[in-house]
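**Student:** Dropping a structure here in structure tokens format, bear with me for questions.
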Amino acid sequence: MFFNKTQHWRFLKMATHTFVPHPIFAALLKAGNEFGGVQWCSESKLQKYFLSKLYCPHLSEIERFSDTELRSWVSEVADELNKILSTEGFDIQLDELQNNEIGVVAILDLLLKWIKRGVKIDIQGLNNIVYPGVKIQQERIDGRDTFISCHSTNHKHPIAKVSTKNGDTVWMTIADEEITGFELFEHIEQIQKNISVNSRQTFVHFPMINLDNQPDTSWLVGLPHTGGGCITQAMQQTKFKMNEEGAHLKSAVAIATLRGMAPKESGITINKPFYLWIERPNVKLPIICAYMDYDVWKDPKDLNM
């Protein structure tokens, strides 16, 4: 694996973490196209991992989302993009864009409904607190299972595979450690391997969810592209709700990107004593010849004499 695990499992102090890559893909693609199809490079270990492991091999996956599920906007005015974010219910906001910057916002909005509505039944957590929950029985409806019990050789807890009306699947299983970011992605990737059906379980009972999370995307700042620019701002906000009807995921990514490095100005800097002279057409001699030393480098205030 790419990362060494350094965090310890803390049941009672567990913090929620999210990793939603596709709106990041959409934002980078939108910015790259705006710059004429530039390619993204990397400067850090995390950026290199993201591009090689996720962005490049999986970019085409964004085509599998409809135009209403995954949308993106670009503007040179931060306020225009911030209004979109606010209208869509997000708190993240871009700082004012500079002359050589553009901003991009990408929003993933995915609404899923269970094949059969679940039953609201409270669930007791390990901390003995009762939480609102949902119970879905194993049934077969129109040739599809409402829920299937599975297990993986790479994970000790049973895995619930819950079907939705649009064909997407929601997977749930008890976590064995608290992890975040790319490490979270890799851990789930390992669980996904060698999954098989375990038909002994007849229902799944899970807590309702109301999540509003802003994951750390600072690793994107500085990501360069072949046009000579780089990302200067990067933020993400993810909302997720789950109840007896289904689940709703909404995640926004906002980035600001330099079009290219501002061209380095080429010029003459007079920062030492210098000569000065004035010429006039049809006058052969200079009207003044001077050597201007530091003693006369002063503000005259005006040109009156």
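As shown in the structure tokens, the chain order sets the letters A, B, ...; within each chain, residues go from 1, and ligands are also counted from 1 in the order they appear.
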Once you count only C-alpha atoms, what closest atom pair and distance in Å to one decimal does each residue of range 211-252 of chain A within 8 Å of range 33-54 of chain A have, with rows by chain and rising residue number, as a tab-separated table?

**Tutor:**
```
residue	atom	partner	partner_atom	distance
A:Trp219	CA	A:Leu46	CA	6.7
A:Leu220	CA	A:Gln47	CA	6.7
A:Gly222	CA	A:Glu43	CA	7.5
A:Leu223	CA	A:Ser42	CA	5.6
A:Pro224	CA	A:Cys41	CA	5.3
A:His225	CA	A:Trp40	CA	4.2
A:Thr226	CA	A:Gln39	CA	5.4
A:Gly227	CA	A:Val38	CA	5.9
```

**Student:** Export N, CA, C and O atoms of the chosen residues as an mmCIF file, in the first residue's frame?

**Tutor:**
```cif
data_model
loop_
_atom_site.group_PDB
_atom_site.id
_atom_site.type_symbol
_atom_site.label_atom_id
_atom_site.label_comp_id
_atom_site.auth_asym_id
_atom_site.auth_seq_id
_atom_site.Cartn_x
_atom_site.Cartn_y
_atom_site.Cartn_z
ATOM 1 N N TRP A 219 -3.824 19.617 -0.255
ATOM 2 C CA TRP A 219 -2.801 18.938 -1.052
ATOM 3 C C TRP A 219 -2.923 19.280 -2.540
ATOM 4 O O TRP A 219 -1.972 19.090 -3.306
ATOM 5 N N LEU A 220 -4.088 19.803 -2.954
ATOM 6 C CA LEU A 220 -4.267 20.192 -4.359
ATOM 7 C C LEU A 220 -3.593 21.525 -4.689
ATOM 8 O O LEU A 220 -3.256 21.790 -5.846
ATOM 9 N N GLY A 222 -1.049 24.199 -5.464
ATOM 10 C CA GLY A 222 0.281 24.069 -6.053
ATOM 11 C C GLY A 222 0.352 23.069 -7.179
ATOM 12 O O GLY A 222 1.381 22.968 -7.862
ATOM 13 N N LEU A 223 -0.743 22.294 -7.401
ATOM 14 C CA LEU A 223 -0.752 21.320 -8.499
ATOM 15 C C LEU A 223 -0.529 22.064 -9.817
ATOM 16 O O LEU A 223 -1.360 22.886 -10.218
ATOM 17 N N PRO A 224 0.576 21.788 -10.523
ATOM 18 C CA PRO A 224 0.882 22.558 -11.738
ATOM 19 C C PRO A 224 0.292 21.925 -13.000
ATOM 20 O O PRO A 224 -0.071 20.746 -13.006
ATOM 21 N N HIS A 225 0.175 22.731 -14.026
ATOM 22 C CA HIS A 225 -0.227 22.208 -15.336
ATOM 23 C C HIS A 225 0.781 22.642 -16.393
ATOM 24 O O HIS A 225 1.620 23.510 -16.154
ATOM 25 N N THR A 226 0.702 22.005 -17.547
ATOM 26 C CA THR A 226 1.702 22.220 -18.584
ATOM 27 C C THR A 226 1.616 23.597 -19.216
ATOM 28 O O THR A 226 2.488 23.963 -20.002
ATOM 29 N N GLY A 227 0.582 24.375 -18.879
ATOM 30 C CA GLY A 227 0.490 25.741 -19.378
ATOM 31 C C GLY A 227 1.296 26.729 -18.560
ATOM 32 O O GLY A 227 1.349 27.916 -18.889
#
```

**Student:** Residues of range 130-224 of chain A in helix (DSSP H, G or I) according to DSSP, as a list in words?

**Tutor:**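 Secondary structure check on range 130-224 of chain A, helix (DSSP H, G or I): Gly181, Phe182, Glu183, Leu184, Phe185, Glu186, His187, Ile188, Glu189, Gln190, Ile191, Gln192, Ser218, Trp219 and Leu220 of chain A.
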
**Student:** Save out the residues we just selected, N, CA and C atoms, as an mmCIF file, in the first residue's frame.

**Tutor:**
```
data_model
loop_
_atom_site.group_PDB
_atom_site.id
_atom_site.type_symbol
_atom_site.label_atom_id
_atom_site.label_comp_id
_atom_site.auth_asym_id
_atom_site.auth_seq_id
_atom_site.Cartn_x
_atom_site.Cartn_y
_atom_site.Cartn_z
ATOM 1 N N GLY A 181 -8.758 10.369 3.883
ATOM 2 C CA GLY A 181 -8.106 10.707 2.628
ATOM 3 C C GLY A 181 -7.803 9.529 1.733
ATOM 4 N N PHE A 182 -6.616 9.543 1.135
ATOM 5 C CA PHE A 182 -6.228 8.478 0.218
ATOM 6 C C PHE A 182 -6.103 7.138 0.933
ATOM 7 N N GLU A 183 -5.729 7.175 2.209
ATOM 8 C CA GLU A 183 -5.626 5.932 2.966
ATOM 9 C C GLU A 183 -7.004 5.287 3.121
ATOM 10 N N LEU A 184 -8.021 6.115 3.322
ATOM 11 C CA LEU A 184 -9.398 5.619 3.393
ATOM 12 C C LEU A 184 -9.790 4.963 2.078
ATOM 13 N N PHE A 185 -9.450 5.621 0.975
ATOM 14 C CA PHE A 185 -9.740 5.065 -0.352
ATOM 15 C C PHE A 185 -9.057 3.709 -0.529
ATOM 16 N N GLU A 186 -7.780 3.626 -0.173
ATOM 17 C CA GLU A 186 -7.038 2.379 -0.352
ATOM 18 C C GLU A 186 -7.600 1.245 0.510
ATOM 19 N N HIS A 187 -8.008 1.595 1.737
ATOM 20 C CA HIS A 187 -8.534 0.570 2.635
ATOM 21 C C HIS A 187 -9.839 -0.013 2.083
ATOM 22 N N ILE A 188 -10.720 0.850 1.606
ATOM 23 C CA ILE A 188 -11.976 0.364 1.025
ATOM 24 C C ILE A 188 -11.699 -0.416 -0.256
ATOM 25 N N GLU A 189 -10.695 0.013 -1.012
ATOM 26 C CA GLU A 189 -10.312 -0.713 -2.221
ATOM 27 C C GLU A 189 -9.905 -2.139 -1.881
ATOM 28 N N GLN A 190 -9.207 -2.309 -0.764
ATOM 29 C CA GLN A 190 -8.809 -3.650 -0.336
ATOM 30 C C GLN A 190 -10.014 -4.480 0.100
ATOM 31 N N ILE A 191 -10.950 -3.848 0.783
ATOM 32 C CA ILE A 191 -12.157 -4.565 1.214
ATOM 33 C C ILE A 191 -12.945 -5.053 0.002
ATOM 34 N N GLN A 192 -12.984 -4.245 -1.047
ATOM 35 C CA GLN A 192 -13.758 -4.586 -2.244
ATOM 36 C C GLN A 192 -13.249 -5.847 -2.938
ATOM 37 N N SER A 218 -6.092 20.689 0.829
ATOM 38 C CA SER A 218 -4.949 21.594 0.662
ATOM 39 C C SER A 218 -3.837 20.960 -0.170
ATOM 40 N N TRP A 219 -3.824 19.617 -0.255
ATOM 41 C CA TRP A 219 -2.801 18.938 -1.052
ATOM 42 C C TRP A 219 -2.923 19.280 -2.540
ATOM 43 N N LEU A 220 -4.088 19.803 -2.954
ATOM 44 C CA LEU A 220 -4.267 20.192 -4.359
ATOM 45 C C LEU A 220 -3.593 21.525 -4.689
#
```

**Student:** When you look at Ser66 in chain A with a cut-off of 12 Å (counting only C-alpha atoms), what residues show up, excluding the ones that are within fewer than 4 positions of it in the same chain? I need them as a list of chain:residue names.

**Tutor:**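 Surrounding residues, per the criterion: A:Glu61, A:Ile62, A:Leu70, A:Arg71, A:Ser72, A:Ile107, A:Leu108, A:Asp109, A:Leu110, A:Leu111.
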
**Student:** Store the residues picked out above in a file with N, CA and C atoms, as a PDB file, in the first residue's frame.

**Tutor:**
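File result18.pdb, as written:
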```
ATOM      1  N   GLU A  61     -14.509   8.132 -16.013  1.00  0.00           N
ATOM      2  CA  GLU A  61     -15.692   7.734 -15.249  1.00  0.00           C
ATOM      3  C   GLU A  61     -16.694   8.866 -15.089  1.00  0.00           C
ATOM      4  N   ILE A  62     -16.251  10.117 -15.187  1.00  0.00           N
ATOM      5  CA  ILE A  62     -17.195  11.223 -15.003  1.00  0.00           C
ATOM      6  C   ILE A  62     -18.235  11.245 -16.124  1.00  0.00           C
ATOM      7  N   LEU A  70     -23.661  15.603 -12.357  1.00  0.00           N
ATOM      8  CA  LEU A  70     -22.326  16.182 -12.228  1.00  0.00           C
ATOM      9  C   LEU A  70     -22.232  17.399 -13.131  1.00  0.00           C
ATOM     10  N   ARG A  71     -22.172  18.572 -12.516  1.00  0.00           N
ATOM     11  CA  ARG A  71     -22.154  19.836 -13.255  1.00  0.00           C
ATOM     12  C   ARG A  71     -20.897  20.627 -12.905  1.00  0.00           C
ATOM     13  N   SER A  72     -20.485  21.511 -13.798  1.00  0.00           N
ATOM     14  CA  SER A  72     -19.311  22.339 -13.527  1.00  0.00           C
ATOM     15  C   SER A  72     -19.465  23.701 -14.190  1.00  0.00           C
ATOM     16  N   ILE A 107     -20.045  20.289  -9.012  1.00  0.00           N
ATOM     17  CA  ILE A 107     -20.970  19.766  -8.006  1.00  0.00           C
ATOM     18  C   ILE A 107     -21.512  18.413  -8.444  1.00  0.00           C
ATOM     19  N   LEU A 108     -21.350  17.431  -7.570  1.00  0.00           N
ATOM     20  CA  LEU A 108     -21.941  16.108  -7.757  1.00  0.00           C
ATOM     21  C   LEU A 108     -23.202  16.040  -6.910  1.00  0.00           C
ATOM     22  N   ASP A 109     -24.313  15.671  -7.520  1.00  0.00           N
ATOM     23  CA  ASP A 109     -25.604  15.618  -6.821  1.00  0.00           C
ATOM     24  C   ASP A 109     -26.281  14.300  -7.189  1.00  0.00           C
ATOM     25  N   LEU A 110     -26.274  13.365  -6.254  1.00  0.00           N
ATOM     26  CA  LEU A 110     -26.735  12.012  -6.530  1.00  0.00           C
ATOM     27  C   LEU A 110     -27.824  11.615  -5.530  1.00  0.00           C
ATOM     28  N   LEU A 111     -29.046  11.442  -6.022  1.00  0.00           N
ATOM     29  CA  LEU A 111     -30.177  11.059  -5.183  1.00  0.00           C
ATOM     30  C   LEU A 111     -30.544   9.606  -5.470  1.00  0.00           C
TER      31      LEU A 111
END
```

**Student:** Could you state the separation of CA of Glu63 in chain A and CA of Gln214 in chain A in Å, given to one decimal place?

**Tutor:**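 So the two atoms, CA of Glu63 in chain A and CA of Gln214 in chain A, lie 25.0 Å apart.
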
**Student:** Could you pull the residues within 12 Å of range 121-135 of chain A, counting only C-alpha atoms, minus those fewer than 6 positions along the same chain, as a VMD selection string?

**Tutor:** chain A and resid 10 to 14 114 146 to 147 160 162 174 202 to 210 242 to 247

**Student:** Would you save the residues of that selection, restricted to N, CA and C atoms, as a short mmCIF file (atom, residue, chain, number, x, y, z; two decimals), in the first residue's frame?

**Tutor:**
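Output file selection.cif is given in full below:
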```cif
data_model
loop_
_atom_site.label_atom_id
_atom_site.label_comp_id
_atom_site.auth_asym_id
_atom_site.auth_seq_id
_atom_site.Cartn_x
_atom_site.Cartn_y
_atom_site.Cartn_z
N ARG A 10 -10.28 4.66 17.43
CA ARG A 10 -10.87 5.28 18.61
C ARG A 10 -12.38 5.27 18.44
N PHE A 11 -13.06 4.28 19.00
CA PHE A 11 -14.51 4.17 18.82
C PHE A 11 -15.23 5.40 19.35
N LEU A 12 -14.87 5.83 20.54
CA LEU A 12 -15.66 6.87 21.20
C LEU A 12 -15.29 8.27 20.75
N LYS A 13 -14.19 8.44 20.05
CA LYS A 13 -13.77 9.76 19.61
C LYS A 13 -13.66 9.82 18.09
N MET A 14 -14.35 8.92 17.44
CA MET A 14 -14.22 8.83 15.99
C MET A 14 -14.77 10.07 15.30
N TRP A 114 -34.04 3.52 -2.13
CA TRP A 114 -34.03 2.07 -1.93
C TRP A 114 -35.11 1.42 -2.80
N THR A 146 -33.37 -6.53 -2.41
CA THR A 146 -33.33 -5.27 -1.67
C THR A 146 -32.00 -5.12 -0.95
N PHE A 147 -31.50 -6.23 -0.47
CA PHE A 147 -30.25 -6.23 0.31
C PHE A 147 -29.61 -7.61 0.22
N ALA A 160 -22.93 -5.18 4.02
CA ALA A 160 -24.29 -5.06 3.49
C ALA A 160 -24.25 -4.41 2.12
N VAL A 162 -26.78 -2.86 -0.41
CA VAL A 162 -28.16 -2.39 -0.49
C VAL A 162 -28.41 -1.82 -1.89
N ILE A 174 -19.04 -2.38 9.23
CA ILE A 174 -18.40 -1.78 10.40
C ILE A 174 -16.92 -1.54 10.11
N THR A 202 -30.56 -11.90 7.03
CA THR A 202 -31.86 -11.63 6.41
C THR A 202 -32.28 -10.17 6.48
N PHE A 203 -31.49 -9.34 7.14
CA PHE A 203 -31.84 -7.92 7.17
C PHE A 203 -30.58 -7.09 7.42
N VAL A 204 -30.66 -5.80 7.15
CA VAL A 204 -29.61 -4.85 7.50
C VAL A 204 -30.26 -3.73 8.31
N HIS A 205 -29.62 -3.36 9.37
CA HIS A 205 -30.11 -2.30 10.26
C HIS A 205 -28.98 -1.28 10.40
N PHE A 206 -29.23 -0.07 9.99
CA PHE A 206 -28.16 0.93 9.96
C PHE A 206 -28.70 2.28 10.46
N PRO A 207 -27.81 3.14 10.92
CA PRO A 207 -28.25 4.45 11.41
C PRO A 207 -28.58 5.41 10.27
N MET A 208 -29.51 6.30 10.52
CA MET A 208 -29.74 7.40 9.59
C MET A 208 -28.53 8.33 9.65
N ILE A 209 -28.29 9.04 8.57
CA ILE A 209 -27.11 9.89 8.49
C ILE A 209 -27.50 11.30 8.03
N ASN A 210 -26.89 12.29 8.68
CA ASN A 210 -27.01 13.69 8.24
C ASN A 210 -25.63 14.30 8.38
N MET A 242 -29.04 9.97 4.73
CA MET A 242 -29.53 8.62 4.50
C MET A 242 -30.63 8.33 5.51
N ASN A 243 -31.78 7.83 5.00
CA ASN A 243 -32.89 7.48 5.89
C ASN A 243 -33.64 6.29 5.31
N GLU A 244 -34.91 6.13 5.69
CA GLU A 244 -35.68 4.97 5.24
C GLU A 244 -36.04 5.02 3.76
N GLU A 245 -35.95 6.18 3.13
CA GLU A 245 -36.27 6.32 1.71
C GLU A 245 -35.09 6.01 0.80
N GLY A 246 -33.91 6.43 1.24
CA GLY A 246 -32.74 6.23 0.39
C GLY A 246 -31.58 7.07 0.89
N ALA A 247 -30.77 7.54 -0.04
CA ALA A 247 -29.57 8.31 0.30
C ALA A 247 -29.38 9.43 -0.71
#
```

**Student:** Which residues are close to Lys83 in chain A, i.e. within 10 Å by only C-alpha atoms, leaving aside same-chain residues fewer than 6 positions away? Reply as a list of chain:residue names.

**Tutor:** A:Gly89, A:Phe90, A:Gln93

**Student:** Output all heavy atoms for every residue in that selection, as an mmCIF file, in the first residue's frame.

**Tutor:**
```
data_model
loop_
_atom_site.group_PDB
_atom_site.id
_atom_site.type_symbol
_atom_site.label_atom_id
_atom_site.label_comp_id
_atom_site.auth_asym_id
_atom_site.auth_seq_id
_atom_site.Cartn_x
_atom_site.Cartn_y
_atom_site.Cartn_z
ATOM 1 N N GLY A 89 -26.552 25.370 -1.683
ATOM 2 C CA GLY A 89 -26.569 24.989 -0.272
ATOM 3 C C GLY A 89 -25.214 24.754 0.356
ATOM 4 O O GLY A 89 -25.124 24.141 1.428
ATOM 5 N N PHE A 90 -24.136 25.254 -0.271
ATOM 6 C CA PHE A 90 -22.793 25.038 0.260
ATOM 7 C C PHE A 90 -22.255 26.291 0.930
ATOM 8 O O PHE A 90 -22.603 27.418 0.565
ATOM 9 C CB PHE A 90 -21.845 24.593 -0.862
ATOM 10 C CG PHE A 90 -22.175 23.235 -1.423
ATOM 11 C CD1 PHE A 90 -22.885 23.110 -2.603
ATOM 12 C CD2 PHE A 90 -21.787 22.091 -0.757
ATOM 13 C CE1 PHE A 90 -23.200 21.866 -3.121
ATOM 14 C CE2 PHE A 90 -22.100 20.835 -1.263
ATOM 15 C CZ PHE A 90 -22.812 20.726 -2.440
ATOM 16 N N GLN A 93 -16.461 29.097 -0.044
ATOM 17 C CA GLN A 93 -16.420 30.265 -0.916
ATOM 18 C C GLN A 93 -14.988 30.512 -1.372
ATOM 19 O O GLN A 93 -14.046 30.399 -0.594
ATOM 20 C CB GLN A 93 -16.927 31.511 -0.180
ATOM 21 C CG GLN A 93 -18.380 31.423 0.293
ATOM 22 C CD GLN A 93 -19.370 31.796 -0.788
ATOM 23 O OE1 GLN A 93 -19.681 32.967 -0.995
ATOM 24 N NE2 GLN A 93 -19.889 30.789 -1.482
#
```

**Student:** Just list the residues in range 37-85 of chain A DSSP gives strand (DSSP E or B) on the backbone, as number ranges by chain.

**Tutor:** A: 40, 70-75

**Student:** Just the selected residues (N, CA, C and O atoms), exported as a PDB file, in the first residue's frame, please.

**Tutor:**
```pdb
ATOM      1  N   TRP A  40      -2.224  18.072 -16.313  1.00  0.00           N
ATOM      2  CA  TRP A  40      -1.832  18.336 -14.939  1.00  0.00           C
ATOM      3  C   TRP A  40      -0.582  17.549 -14.575  1.00  0.00           C
ATOM      4  O   TRP A  40      -0.424  16.394 -14.967  1.00  0.00           O
ATOM      5  N   LEU A  70     -23.661  15.603 -12.357  1.00  0.00           N
ATOM      6  CA  LEU A  70     -22.326  16.182 -12.228  1.00  0.00           C
ATOM      7  C   LEU A  70     -22.232  17.399 -13.131  1.00  0.00           C
ATOM      8  O   LEU A  70     -22.237  17.283 -14.347  1.00  0.00           O
ATOM      9  N   ARG A  71     -22.172  18.572 -12.516  1.00  0.00           N
ATOM     10  CA  ARG A  71     -22.154  19.836 -13.255  1.00  0.00           C
ATOM     11  C   ARG A  71     -20.897  20.627 -12.905  1.00  0.00           C
ATOM     12  O   ARG A  71     -20.316  20.449 -11.830  1.00  0.00           O
ATOM     13  N   SER A  72     -20.485  21.511 -13.798  1.00  0.00           N
ATOM     14  CA  SER A  72     -19.311  22.339 -13.527  1.00  0.00           C
ATOM     15  C   SER A  72     -19.465  23.701 -14.190  1.00  0.00           C
ATOM     16  O   SER A  72     -20.145  23.840 -15.211  1.00  0.00           O
ATOM     17  N   TRP A  73     -18.844  24.697 -13.573  1.00  0.00           N
ATOM     18  CA  TRP A  73     -18.894  26.074 -14.054  1.00  0.00           C
ATOM     19  C   TRP A  73     -17.494  26.673 -13.975  1.00  0.00           C
ATOM     20  O   TRP A  73     -16.681  26.296 -13.129  1.00  0.00           O
ATOM     21  N   VAL A  74     -17.224  27.646 -14.844  1.00  0.00           N
ATOM     22  CA  VAL A  74     -15.949  28.352 -14.816  1.00  0.00           C
ATOM     23  C   VAL A  74     -16.212  29.846 -14.936  1.00  0.00           C
ATOM     24  O   VAL A  74     -17.150  30.267 -15.612  1.00  0.00           O
ATOM     25  N   SER A  75     -15.417  30.642 -14.252  1.00  0.00           N
ATOM     26  CA  SER A  75     -15.586  32.089 -14.302  1.00  0.00           C
ATOM     27  C   SER A  75     -14.300  32.770 -13.864  1.00  0.00           C
ATOM     28  O   SER A  75     -13.481  32.186 -13.150  1.00  0.00           O
TER      29      SER A  75
END
```

**Student:** Enter the distance from CA of Asp168 in chain A to CA of Glu69 in chain A, in Å, rounded to one decimal.

**Tutor:**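 Answer for the CA of Asp168 in chain A to CA of Glu69 in chain A separation: 13.1 Å.
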
**Student:** I'd like the neighbourhood of Ala27 in chain A as a count of residues only, where a residue qualifies if any of its atoms comes within 8 Å (using only C-alpha atoms), though same-chain residues fewer than 5 positions away should be ignored.

**Tutor:** 7
